[in-house]
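Q: Hey, dropping protein32.cif in here, mmCIF, C-alpha atoms; chains and numbers go by the auth columns:
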data_run
#
loop_
_atom_site.group_PDB
_atom_site.id
_atom_site.type_symbol
_atom_site.label_atom_id
_atom_site.label_comp_id
_atom_site.label_asym_id
_atom_site.label_seq_id
_atom_site.Cartn_x
_atom_site.Cartn_y
_atom_site.Cartn_z
_atom_site.B_iso_or_equiv
_atom_site.auth_seq_id
_atom_site.auth_asym_id
ATOM 1 C CA MET A 1 100.782 -65.306 -53.037 0.00 21 A
ATOM 2 C CA GLU A 2 100.855 -65.612 -49.264 0.00 22 A
ATOM 3 C CA THR A 3 104.109 -66.748 -47.674 0.00 23 A
ATOM 4 C CA PRO A 4 103.610 -69.239 -44.821 0.00 24 A
ATOM 5 C CA LEU A 5 105.104 -68.255 -41.487 0.00 25 A
ATOM 6 C CA ALA A 6 107.830 -70.343 -39.902 0.00 26 A
ATOM 7 C CA ASP A 7 106.876 -72.118 -36.674 0.00 27 A
ATOM 8 C CA ASP A 8 108.814 -69.566 -34.602 0.00 28 A
ATOM 9 C CA GLN A 9 107.065 -66.551 -36.198 0.00 29 A
ATOM 10 C CA ALA A 10 103.927 -65.255 -34.553 0.00 30 A
ATOM 11 C CA GLN A 11 100.911 -64.281 -36.656 0.00 31 A
ATOM 12 C CA PRO A 12 100.057 -60.596 -36.050 0.00 32 A
ATOM 13 C CA PRO A 13 96.691 -59.992 -34.345 0.00 33 A
ATOM 14 C CA ALA A 14 93.763 -59.748 -36.775 0.00 34 A
ATOM 15 C CA GLU A 15 93.177 -56.076 -35.969 0.00 35 A
ATOM 16 C CA GLN A 16 96.710 -55.269 -37.186 0.00 36 A
ATOM 17 C CA GLN A 17 96.257 -57.177 -40.439 0.00 37 A
ATOM 18 C CA ASN A 18 93.313 -55.091 -41.608 0.00 38 A
ATOM 19 C CA TRP A 19 94.764 -51.604 -41.549 0.00 39 A
ATOM 20 C CA MET A 20 96.048 -49.437 -44.375 0.00 40 A
ATOM 21 C CA MET A 21 98.588 -47.088 -42.797 0.00 41 A
ATOM 22 C CA PHE A 22 99.513 -43.525 -43.809 0.00 42 A
ATOM 23 C CA ILE A 23 103.256 -43.019 -43.259 0.00 43 A
ATOM 24 C CA ASP A 24 104.924 -39.606 -43.002 0.00 44 A
ATOM 25 C CA PRO A 25 106.040 -38.629 -46.542 0.00 45 A
ATOM 26 C CA ALA A 26 109.475 -37.713 -45.146 0.00 46 A
ATOM 27 C CA TRP A 27 110.037 -41.318 -43.970 0.00 47 A
ATOM 28 C CA ASP A 28 112.185 -43.287 -46.406 0.00 48 A
ATOM 29 C CA PRO A 29 111.639 -47.026 -45.863 0.00 49 A
ATOM 30 C CA ALA A 30 114.620 -47.906 -48.079 0.00 50 A
ATOM 31 C CA ARG A 31 116.898 -45.796 -45.900 0.00 51 A
ATOM 32 C CA ASP A 32 115.087 -45.837 -42.550 0.00 52 A
ATOM 33 C CA GLY A 33 113.440 -49.276 -42.448 0.00 53 A
ATOM 34 C CA THR A 34 110.155 -49.944 -40.687 0.00 54 A
ATOM 35 C CA PRO A 35 108.601 -46.714 -39.417 0.00 55 A
ATOM 36 C CA PRO A 36 108.171 -46.270 -35.656 0.00 56 A
ATOM 37 C CA PRO A 37 104.713 -45.292 -34.314 0.00 57 A
ATOM 38 C CA GLU A 38 105.604 -41.586 -34.259 0.00 58 A
ATOM 39 C CA ALA A 39 106.178 -41.683 -38.065 0.00 59 A
ATOM 40 C CA VAL A 40 102.702 -43.124 -38.775 0.00 60 A
ATOM 41 C CA LEU A 41 100.031 -40.456 -39.320 0.00 61 A
ATOM 42 C CA GLY A 42 97.266 -43.002 -38.782 0.00 62 A
ATOM 43 C CA GLY A 43 95.300 -45.402 -40.878 0.00 63 A
ATOM 44 C CA TRP A 44 92.094 -46.749 -42.303 0.00 64 A
ATOM 45 C CA LEU A 45 90.551 -49.903 -40.885 0.00 65 A
ATOM 46 C CA LEU A 46 89.684 -52.141 -43.822 0.00 66 A
ATOM 47 C CA ASP A 47 86.406 -54.024 -43.831 0.00 67 A
ATOM 48 C CA GLN A 48 86.042 -57.682 -44.849 0.00 68 A
ATOM 49 C CA ASP A 49 85.986 -56.678 -48.530 0.00 69 A
ATOM 50 C CA GLY A 50 89.108 -54.515 -48.186 0.00 70 A
ATOM 51 C CA ALA A 51 87.260 -51.187 -48.358 0.00 71 A
ATOM 52 C CA PRO A 52 88.650 -48.503 -46.028 0.00 72 A
ATOM 53 C CA GLY A 53 86.586 -46.973 -43.240 0.00 73 A
ATOM 54 C CA LEU A 54 87.164 -43.543 -41.706 0.00 74 A
ATOM 55 C CA PHE A 55 90.748 -42.369 -41.181 0.00 75 A
ATOM 56 C CA HIS A 56 91.922 -42.807 -37.575 0.00 76 A
ATOM 57 C CA PRO A 57 94.674 -40.308 -36.652 0.00 77 A
ATOM 58 C CA ASN A 58 97.566 -41.690 -34.601 0.00 78 A
ATOM 59 C CA ALA A 59 97.974 -39.803 -31.297 0.00 79 A
ATOM 60 C CA GLU A 60 101.684 -40.720 -31.223 0.00 80 A
ATOM 61 C CA TYR A 61 102.448 -39.197 -34.637 0.00 81 A
ATOM 62 C CA ARG A 62 104.934 -36.329 -34.753 0.00 82 A
ATOM 63 C CA PRO A 63 105.735 -34.787 -38.162 0.00 83 A
ATOM 64 C CA LEU A 64 109.275 -35.529 -39.291 0.00 84 A
ATOM 65 C CA HIS A 65 109.454 -32.257 -41.220 0.00 85 A
ATOM 66 C CA PRO A 66 107.664 -28.937 -40.611 0.00 86 A
ATOM 67 C CA ASP A 67 105.964 -29.266 -44.003 0.00 87 A
ATOM 68 C CA SER A 68 104.704 -32.805 -43.390 0.00 88 A
ATOM 69 C CA PRO A 69 100.905 -33.055 -43.293 0.00 89 A
ATOM 70 C CA THR A 70 99.443 -34.442 -40.081 0.00 90 A
ATOM 71 C CA ASP A 71 96.558 -36.341 -41.699 0.00 91 A
ATOM 72 C CA PRO A 72 94.472 -36.423 -44.914 0.00 92 A
ATOM 73 C CA ILE A 73 92.391 -33.408 -43.831 0.00 93 A
ATOM 74 C CA ASP A 74 95.513 -31.355 -43.112 0.00 94 A
ATOM 75 C CA ALA A 75 97.023 -32.400 -46.460 0.00 95 A
ATOM 76 C CA SER A 76 93.898 -31.397 -48.381 0.00 96 A
ATOM 77 C CA LEU A 77 93.521 -28.189 -46.352 0.00 97 A
ATOM 78 C CA ARG A 78 97.073 -27.178 -47.316 0.00 98 A
ATOM 79 C CA GLN A 79 96.320 -27.851 -51.000 0.00 99 A
ATOM 80 C CA VAL A 80 93.079 -25.844 -50.871 0.00 100 A
ATOM 81 C CA LEU A 81 94.760 -22.891 -49.125 0.00 101 A
ATOM 82 C CA ALA A 82 97.578 -22.964 -51.713 0.00 102 A
ATOM 83 C CA GLY A 83 95.016 -22.838 -54.535 0.00 103 A
ATOM 84 C CA GLN A 84 96.075 -26.267 -55.813 0.00 104 A
ATOM 85 C CA GLN A 85 92.712 -27.981 -55.188 0.00 105 A
ATOM 86 C CA SER A 86 89.055 -27.066 -54.788 0.00 106 A
ATOM 87 C CA ALA A 87 87.217 -27.140 -51.473 0.00 107 A
ATOM 88 C CA ASP A 88 85.541 -30.373 -52.623 0.00 108 A
ATOM 89 C CA LEU A 89 88.774 -32.215 -51.809 0.00 109 A
ATOM 90 C CA LEU A 90 88.627 -30.898 -48.249 0.00 110 A
ATOM 91 C CA LEU A 91 84.972 -31.900 -47.852 0.00 111 A
ATOM 92 C CA THR A 92 85.787 -35.400 -49.102 0.00 112 A
ATOM 93 C CA ALA A 93 88.620 -35.679 -46.563 0.00 113 A
ATOM 94 C CA LEU A 94 86.325 -34.432 -43.783 0.00 114 A
ATOM 95 C CA ARG A 95 83.679 -37.035 -44.648 0.00 115 A
ATOM 96 C CA GLY A 96 86.332 -39.767 -44.579 0.00 116 A
ATOM 97 C CA SER A 97 88.077 -39.006 -41.281 0.00 117 A
ATOM 98 C CA TYR A 98 87.595 -38.778 -37.562 0.00 118 A
ATOM 99 C CA LEU A 99 88.020 -35.347 -35.970 0.00 119 A
ATOM 100 C CA GLU A 100 88.239 -34.166 -32.370 0.00 120 A
ATOM 101 C CA ILE A 101 86.095 -31.356 -30.988 0.00 121 A
ATOM 102 C CA ALA A 102 87.100 -29.335 -27.901 0.00 122 A
ATOM 103 C CA LEU A 103 84.730 -29.693 -24.956 0.00 123 A
ATOM 104 C CA GLY A 104 84.139 -27.666 -21.822 0.00 124 A
ATOM 105 C CA GLU A 105 83.749 -29.085 -18.326 0.00 125 A
ATOM 106 C CA ASP A 106 80.039 -29.620 -19.096 0.00 126 A
ATOM 107 C CA ASP A 107 80.988 -31.909 -22.042 0.00 127 A
ATOM 108 C CA ARG A 108 79.506 -29.422 -24.503 0.00 128 A
ATOM 109 C CA PRO A 109 81.501 -27.959 -27.416 0.00 129 A
ATOM 110 C CA ILE A 110 83.529 -24.887 -26.540 0.00 130 A
ATOM 111 C CA VAL A 111 82.434 -21.863 -28.585 0.00 131 A
ATOM 112 C CA THR A 112 85.005 -19.120 -29.024 0.00 132 A
ATOM 113 C CA PRO A 113 85.720 -16.341 -31.535 0.00 133 A
ATOM 114 C CA ALA A 114 87.899 -17.238 -34.518 0.00 134 A
ATOM 115 C CA PRO A 115 90.558 -14.740 -35.653 0.00 135 A
ATOM 116 C CA ASP A 116 87.860 -13.044 -37.779 0.00 136 A
ATOM 117 C CA LEU A 117 85.650 -12.826 -34.622 0.00 137 A
ATOM 118 C CA VAL A 118 83.022 -15.305 -35.898 0.00 138 A
ATOM 119 C CA HIS A 119 81.922 -17.744 -33.185 0.00 139 A
ATOM 120 C CA CYS A 120 83.290 -21.245 -33.787 0.00 140 A
ATOM 121 C CA VAL A 121 83.819 -24.606 -32.169 0.00 141 A
ATOM 122 C CA LEU A 122 87.446 -25.752 -32.078 0.00 142 A
ATOM 123 C CA VAL A 123 88.235 -28.909 -34.030 0.00 143 A
ATOM 124 C CA VAL A 124 91.558 -30.650 -34.599 0.00 144 A
ATOM 125 C CA THR A 125 92.376 -33.307 -37.144 0.00 145 A
ATOM 126 C CA ALA A 126 95.343 -34.845 -35.275 0.00 146 A
ATOM 127 C CA ALA A 127 96.636 -34.908 -31.699 0.00 147 A
ATOM 128 C CA VAL A 128 99.658 -32.722 -32.533 0.00 148 A
ATOM 129 C CA HIS A 129 97.278 -29.774 -33.121 0.00 149 A
ATOM 130 C CA LYS A 130 95.959 -29.972 -29.560 0.00 150 A
ATOM 131 C CA ASP A 131 99.249 -28.478 -28.346 0.00 151 A
ATOM 132 C CA LYS A 132 98.307 -25.162 -29.965 0.00 152 A
ATOM 133 C CA VAL A 133 95.043 -24.628 -28.042 0.00 153 A
ATOM 134 C CA ILE A 134 94.083 -24.495 -24.374 0.00 154 A
ATOM 135 C CA PRO A 135 91.245 -27.051 -23.973 0.00 155 A
ATOM 136 C CA ASP A 136 92.232 -30.400 -22.538 0.00 156 A
ATOM 137 C CA ARG A 137 88.921 -32.233 -23.072 0.00 157 A
ATOM 138 C CA TRP A 138 88.265 -33.657 -26.520 0.00 158 A
ATOM 139 C CA ARG A 139 85.744 -35.948 -28.178 0.00 159 A
ATOM 140 C CA GLN A 140 86.407 -37.964 -31.334 0.00 160 A
ATOM 141 C CA VAL A 141 83.607 -37.560 -33.876 0.00 161 A
ATOM 142 C CA GLY A 142 82.833 -38.145 -37.526 0.00 162 A
ATOM 143 C CA LEU A 143 81.573 -35.272 -39.664 0.00 163 A
ATOM 144 C CA ALA A 144 77.880 -36.104 -39.164 0.00 164 A
ATOM 145 C CA GLU A 145 78.263 -36.112 -35.379 0.00 165 A
ATOM 146 C CA LEU A 146 80.262 -32.870 -35.499 0.00 166 A
ATOM 147 C CA VAL A 147 77.477 -31.176 -37.456 0.00 167 A
ATOM 148 C CA ALA A 148 74.880 -32.496 -34.990 0.00 168 A
ATOM 149 C CA LEU A 149 76.863 -30.973 -32.101 0.00 169 A
ATOM 150 C CA LEU A 150 77.105 -27.499 -33.678 0.00 170 A
ATOM 151 C CA PRO A 151 75.111 -24.828 -31.862 0.00 171 A
ATOM 152 C CA GLU A 152 72.976 -22.630 -34.129 0.00 172 A
ATOM 153 C CA GLY A 153 74.937 -19.792 -35.764 0.00 173 A
ATOM 154 C CA VAL A 154 78.340 -21.321 -34.955 0.00 174 A
ATOM 155 C CA ASP A 155 80.984 -22.317 -37.526 0.00 175 A
ATOM 156 C CA VAL A 156 83.984 -24.662 -37.210 0.00 176 A
ATOM 157 C CA LEU A 157 87.621 -23.611 -36.811 0.00 177 A
ATOM 158 C CA ILE A 158 89.828 -26.453 -38.045 0.00 178 A
ATOM 159 C CA ASN A 159 93.317 -26.817 -36.521 0.00 179 A
ATOM 160 C CA PRO A 160 93.508 -23.415 -34.782 0.00 180 A
ATOM 161 C CA GLY A 161 97.080 -22.126 -34.614 0.00 181 A
ATOM 162 C CA ALA A 162 98.375 -24.686 -37.117 0.00 182 A
ATOM 163 C CA PRO A 163 100.201 -23.764 -40.353 0.00 183 A
ATOM 164 C CA ALA A 164 97.006 -24.670 -42.241 0.00 184 A
ATOM 165 C CA SER A 165 93.922 -23.527 -40.343 0.00 185 A
ATOM 166 C CA MET A 166 90.542 -22.517 -41.720 0.00 186 A
ATOM 167 C CA ARG A 167 87.085 -21.472 -40.597 0.00 187 A
ATOM 168 C CA LEU A 168 84.476 -23.673 -42.227 0.00 188 A
ATOM 169 C CA LEU A 169 80.880 -22.533 -42.568 0.00 189 A
ATOM 170 C CA ALA A 170 78.431 -24.721 -40.673 0.00 190 A
ATOM 171 C CA SER A 171 76.018 -24.520 -43.612 0.00 191 A
ATOM 172 C CA VAL A 172 78.617 -26.008 -45.981 0.00 192 A
ATOM 173 C CA LEU A 173 79.341 -28.838 -43.546 0.00 193 A
ATOM 174 C CA ARG A 174 75.626 -29.566 -43.154 0.00 194 A
ATOM 175 C CA GLU A 175 75.305 -29.769 -46.952 0.00 195 A
ATOM 176 C CA ALA A 176 78.322 -32.102 -47.100 0.00 196 A
ATOM 177 C CA VAL A 177 76.708 -34.427 -44.567 0.00 197 A
ATOM 178 C CA ALA A 178 73.386 -34.387 -46.426 0.00 198 A
ATOM 179 C CA ALA A 179 75.015 -35.074 -49.823 0.00 199 A
ATOM 180 C CA PRO A 180 74.921 -38.688 -51.049 0.00 200 A
#
Could you write out this structure as structure tokens?
A:
Amino acid sequence: METPLADDQAQPPAEQQNWMMFIDPAWDPARDGTPPPEAVLGGWLLDQDGAPGLFHPNAEYRPLHPDSPTDPIDASLRQVLAGQQSADLLLTALRGSYLEIALGEDDRPIVTPAPDLVHCVLVVTAAVHKDKVIPDRWRQVGLAELVALLPEGVDVLINPGAPASMRLLASVLREAVAAP
């Protein structure tokens, strides 16, 4: 049941009413109250039927604990690397989130060797991961657009320098985009 607002209470803007927010797991609302922007990982914009769209990372988010995930992709990546989940979980998270790809001055993806010397584009899942790499030009993309931007023979390095980082095969990402 909806509670009517008193005359002196303002109705929040419509764009704020239709978001499902992802709060840092270390934040305790009972103890800490309403979370500040830096404790919100991001959120999903809900459509008119209440279905979530792609996850939008919050550029202001700063993990409250070193083990806090930065976003759904980072959380699933950590579980996959720990052997707790299959790679399918990671692919699902990738399909459901925005990413950022590093660009050169020519606005084309930067290609650089990964730690295993395979050529990769650099991709981050949240703004906090940008601090660990040199590029300062980024473009927000969904998975399909990321795959379309990949040069031939180049893989994807997710969250380089982060506690959970992984090289993803371009062929696997292309299959994930093509899957229904």
Q: So that I can see what lies close to Ala59 in chain A, please list as a PyMOL selection string the residues with an atom at most 10 Å from it, counting only C-alpha atoms and leaving out residues fewer than 5 positions away in the same chain.
A: chain A and resi 42-47+54+78+80-84
Q: Taking the file above as input, evaluate the PyMOL selection byres ((chain A and resi 128) around 10) and report the hits as a PDB file with C-alpha atoms, in the coordinates of the input.
A:
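For reference, out-v4.pdb as written:
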ATOM      1  CA  ILE A 121      86.095 -31.356 -30.988  1.00  0.00           C
ATOM      2  CA  ALA A 122      87.100 -29.335 -27.901  1.00  0.00           C
ATOM      3  CA  LEU A 123      84.730 -29.693 -24.956  1.00  0.00           C
ATOM      4  CA  GLY A 124      84.139 -27.666 -21.822  1.00  0.00           C
ATOM      5  CA  GLU A 125      83.749 -29.085 -18.326  1.00  0.00           C
ATOM      6  CA  ASP A 126      80.039 -29.620 -19.096  1.00  0.00           C
ATOM      7  CA  ASP A 127      80.988 -31.909 -22.042  1.00  0.00           C
ATOM      8  CA  PRO A 129      81.501 -27.959 -27.416  1.00  0.00           C
ATOM      9  CA  ILE A 130      83.529 -24.887 -26.540  1.00  0.00           C
ATOM     10  CA  VAL A 131      82.434 -21.863 -28.585  1.00  0.00           C
ATOM     11  CA  ARG A 157      88.921 -32.233 -23.072  1.00  0.00           C
ATOM     12  CA  TRP A 158      88.265 -33.657 -26.520  1.00  0.00           C
ATOM     13  CA  ARG A 159      85.744 -35.948 -28.178  1.00  0.00           C
ATOM     14  CA  LEU A 169      76.863 -30.973 -32.101  1.00  0.00           C
ATOM     15  CA  LEU A 170      77.105 -27.499 -33.678  1.00  0.00           C
ATOM     16  CA  PRO A 171      75.111 -24.828 -31.862  1.00  0.00           C
TER      17      PRO A 171
END
Q: Tell me, in Å to one decimal, how far CA of Ala107 in chain A is from CA of Glu58 in chain A.
A: 29.0 Å
Q: Using only C-alpha atoms, which protein or nucleic acid residues come within 6 Å of Leu74 in chain A? Drop anything in the same chain fewer than 3 positions from it, and give the result as number ranges by chain.
A: A: 64, 116-117
Q: Go through A:Met40, A:Ala147, A:Ala182, A:Ala199 one by one, measure the shortest atom-to-atom distance of each to Asp67 in chain A using only C-alpha atoms, and give the residue with the smallest value.
A: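 The answer is A:Met40, which sits nearest to Asp67 in chain A.
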Q: Quick one: residues within 7 Å of Trp39 in chain A, all atoms listed in the file counted, chain neighbours fewer than 3 positions away excluded, as a list in words?
A: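 Residues near the query, excluding close chain neighbours: Gln36, Gly63, Trp64, Leu65 and Leu66 of chain A.
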Q: Find, counting all atoms listed in the file, the residue in A:Leu97, A:Leu111, A:Ala146, A:Met41 that gets nearest to Ala79 in chain A.
A: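 Nearest candidate to Ala79 in chain A out of A:Leu97, A:Leu111, A:Ala146, A:Met41: A:Ala146.
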Q: Could you work out how far CA of Ala190 in chain A lies from CA of Ile178 in chain A, giving the answer in Å with one decimal?
A: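 Going from CA of Ile178 in chain A over to CA of Ala190 in chain A, I get 11.8 Å.
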Q: Mind giving me the straight-line distance from CA of Val174 in chain A to CA of Arg115 in chain A in Å, one decimal?
A: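 Value for the CA of Val174 in chain A-CA of Arg115 in chain A distance: 19.2 Å.
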